[in-house]
Each structure stands twice: as structure tokens, then as C-alpha cells.
Amino acid sequence: MTEAPTTNRGAVAEVWALAWPTVLTMVSYTLMQFVDSLLVAQVGTAEVAAQGNAGVWSWAFIFTVVGIVGLVNTFVSQAIGAGRPHEVARYGWAGLWLGVLAWAAVLVPLGLAMPFLFRMMGHSAHITEMESDYAQVLVLGSVAVVVGKAMSNFFFGIQRPRVITVAAIAGNVVNLFLSYALVFGHLGLPRFGLPGVPGVTPMGVVGSAYGTVAGTAVECMLPLALFLGRRMDAEFGIRARWRLDTAAIRDLLRLGTPVALQQGSDILTWAIFMSVLVGVFGDVALAAGWSTLRYMHLSFMPAIGFSIAVTSIVGRYIGAGQPDVAAARARTVLWITMAYMGACGLVMLVFRAPLIHVFADGANTPPETAAQVVALGSSMMVAAALFQVFDGVGIVMLGALRGAGDTLWPGIASAALSWVVIVGGGWALVRWAPGMGPMGPWIAASVFIILLAAVLAWRWTRGAWRAIRVLETPAEEAAREAAAGLPGTDGGQPAR
């Protein structure tokens, strides 16, 4: 059994020891996207809009797959808590196999279809071309993302997140230098005194996509190498479990499919929100909206780091038969996240105009256009600031429920609310209150985030997650192993 600290100070220390590497990982990843946006902003506001539109549609598809492999964290952490390390390798390999197969069968065809999707949105021809090129590179190169996420959730599950932090920082360094070289080429950024890269043709927006793919490829290499290495093999019997384990894959699909649909649906509704509902008001509205969302990413991605940590913590204590401790740790993570998100909201409210100006100050952006982007973006930042704390509540509650294996009900609730409130409510305001302009859809999005936080907090406090069983019983496990002709386990040690 896992021993639990009995004091509040001990609980905070335990949570923070696991959370800070996951938070730093998310910060690092968000900075990669933020830096890409800053680089592209130096080209023009149209490029910012194209990158944002293409990115959100691409990630809607990619993170649908990632939602399934993310359940590796739940199964691995519960196996660790239950003292069954021989189960760890099964779910690590299942995540790898499932991610690669889903990339080949789902993401590759979608990547090839991206140009047709963007031509249907009615954006200007220039933006449509940039969107299509950027999205194709991201989606076709996303095998590194799904493999990397399977591995990151494995290491989160065994509660060794520092591996992923190091990998994320390395990936960001590669992305920074490669994106700079490919976006600006031999021209460089003379307005900032930065030289070009001789012999490299400037690629603009699509160059940042290639940089992102290269960065994520580097990010997945370190954890994958360690997963396959001798130390992990000695501890968990990794290499003996490499074959396709259909039972483990079914487990991931059983709990992960609702998460995948929820994550894909959420991102898809935000894609419609920006590309269609906000996009109907023109390029300035798109540029202002994407500038605001970049700061939202800076705030909620660390909160997702806390969510990943609480998934692992809750999973471990439930595996150890200590649901009350799991609930206490979830409350600790929730208070920390709310304090952080509240601070982010205050910064966004007070400094909204200068923050938006960072993205509107491109060399090719006319001053009058920049002024319009700053004015509109400042209003959007007010809305974003007001729902920050609620966003933190929803993010942490999703992670806690996921650690307990409660994925179906939250997935349905989140998807239903996103379509009804963001898309339905946003469309109604665009249709029936056009005088509100792009702020109409932003109001609908704010209502969604507040409602979702309330619904997920209610679900957690109701306690239905306490009755959910994720792992097989020892008898079920022995029967499956015998039927598959696998060697049994001895005292909880890896099957060799």
C-alpha cells in the first residue's frame, strides 16, 4: 500500500513534487507554440490568423487520438498503486501500438484531405493556401506527437515526469532554431538585428509547421529510448511485452474513446468558434481572437500539467485502495490551480492592450490594422480573464475523474455542452445579435467554460467514480495470461 502524508503541508509537498515537472513540461510546450506565433506575427496578421485556424483544426484531429493514449497514465498509475508493476509494460506498449495504428489509419487520410476542408470555409485565397499547407505538415507529421504522448503518459503514470520535462525542453530548443531558420530563411529579422540563415529560402507560415514537427520528433525520442532501455526492462519487463496485446488495447479504447471524443469535440467546437463564428467578422477579428487565445494557452496549459499530475495521483491512490486520500489530493491540486489561474486572469485584465499589441506589431501590418486588432483583442481579453478560475476548475476535475477511470459521463457532458453552448449559442448570437460582432461568440464560449466547471465539480463531489474498477482482478489477469500462453507473475515482479 502507498503511504499517504497526514498533514496539509505533506500533501502539498507530495502534489508539488509530481506536478512541477508536468507543469514545466506544459509551459515548455506552450512556449513552443507561443514562440511560433511570435515569429509568424513578424510576417503579418493574416499569417497569425492562418496559423491559428490551421493549428486548431489540426490539433482537433490529432488530440482525438491523443485522448485514447492518454489513458496509459490511468492504467499505469493504478497498477503502480496496486503493487502490480508487471501490468505497466502492457499498457505502455498498448499505447504505442494504438497510437501508430491510429495515425496510419485515421490521421494520414485526414492530413491529405485538409486542403478540401479549408477551401470550404470561405476565407481569403491567401489565408486558405497558408492554412492548407500548415495543417498538412502538422497532421502528416503527427506520428511523433502520438508516440510522444503515449510515452509521456507512461512516465507520468510511473511518476517519473522529469524525463518528459527534459525531452520537452530539448524539443523546444530544436523548434525555436529550426522555425526561425525556415520562417525567415536568408532574410532574417533585420528590424531586431537578427541575421538570416544563408542558403535557406524563407517559407513563412509553413516553416513554423516543419519546426514544430521536428521539435515534437526530438521530444518523443528520449522517453522512447528510455522505455526500450535496459533499466526499464529490468524493472518492468518491457521487452518481453512488445507483441500486440489486444486485451490492453481494448482497455485503452474502453476508457479512452470517451476522452478522445471529448477532446476532439472540444477542440473542434473551438475551431468552429474561431474559424467560422468569429471568422465571419473578417481577418481583423481572426487576428484579435488568435492573439487572445495564445495568452489563454499560456494560462491553461500549466493547468493541464496539474491535471495530468492529479490523474496520476488519483490513479495511484485508487489502485492502492485509498479513495479518500485520492479525493484529498485532488482538492489540494484544485486550490493550487485556482490560485494560479486567478493570477493569470488578473494579468490578462490589467495588461490586455500591451499584450495584444505584441501580436499586432508585425513589420508588414499597417498601423490602422494594428490599432483595430488591439482594440478588439482587448475586449476579448476581458472575457478570457473573467473565466480563468472556472477554466482551472474544469481542467483539474477532468484529470481527477480520468485518474479514477470515470471517462464516459464527463466526456458526454463536455461534448454536449460544447456543441450546444459554444456552437449553438455562438451561432444564435451571430445570427440574432450581429451588432455584438465577434464578442457574441466569445460570450457564448465564456458561458460554456463556467457551466462545464460546475458540472464536472458536481460529478466529482457525487462520488460515482469510487465504484469504478479499472484493473482486472488477479484471478482475471491469471486467466487471461494463461489463455494467451504468457508466463505468469511472481510476487508482483515483471513477467520475464
# chains A, B, ... in the order shown; residues from 1 in each chain; ligands from 1
$ residues_around --residues "Ser152 of chain A" --least-positions-apart "2" --cutoff "8 Å" --atoms "only C-alpha atoms" --output "ChimeraX atom specification"
/A:148-150,154-156,161,164,223
$ residues_around --residues "Arg459 of chain A" --least-positions-apart "2" --cutoff "12 Å" --atoms "only C-alpha atoms" --output "PyMOL selection string"
chain A and resi 394+397-398+400-402+406-411+413-414+452-457+461-466
$ residues_around --residues "Trp93 of chain A" --least-positions-apart "2" --cutoff "10 Å" --atoms "only C-alpha atoms" --output "MDAnalysis selection string"
chainID A and resid 72 88:91 95:99 150:151 154 227 238:239 241:245 248:249
$ atom_distance --atom1 "atom CA of Met221 of chain A" --atom2 "atom CA of Thr74 of chain A"
22.3 Å
$ residues_around --residues "Phe359 of chain A" --least-positions-apart "5" --cutoff "7 Å" --atoms "only C-alpha atoms" --output "MDAnalysis selection string"
chainID A and resid 38 41 291
$ write_last_selection --atoms "N, CA and C atoms" --output "compact mmCIF listing (two decimals), in the first residue's frame"
# COMPACT_ATOMS: atom_id res chain seq x y z
N LEU A 38 4.77 34.20 -32.33
CA LEU A 38 5.51 35.46 -32.35
C LEU A 38 6.34 35.59 -33.62
N ALA A 41 4.01 36.29 -36.41
CA ALA A 41 3.44 37.64 -36.30
C ALA A 41 4.34 38.68 -36.93
N SER A 291 -4.77 36.10 -31.19
CA SER A 291 -3.84 36.73 -30.25
C SER A 291 -4.30 36.49 -28.81
$ closest_residue --among "A:His86, A:Arg294, A:Arg331, A:His186" --to "Asp233 of chain A" --atoms "only C-alpha atoms"
A:His86
$ closest_residue --among "A:Phe306, A:Ile158, A:Ser378, A:Arg329" --to "Glu235 of chain A" --atoms "only C-alpha atoms"
A:Ile158
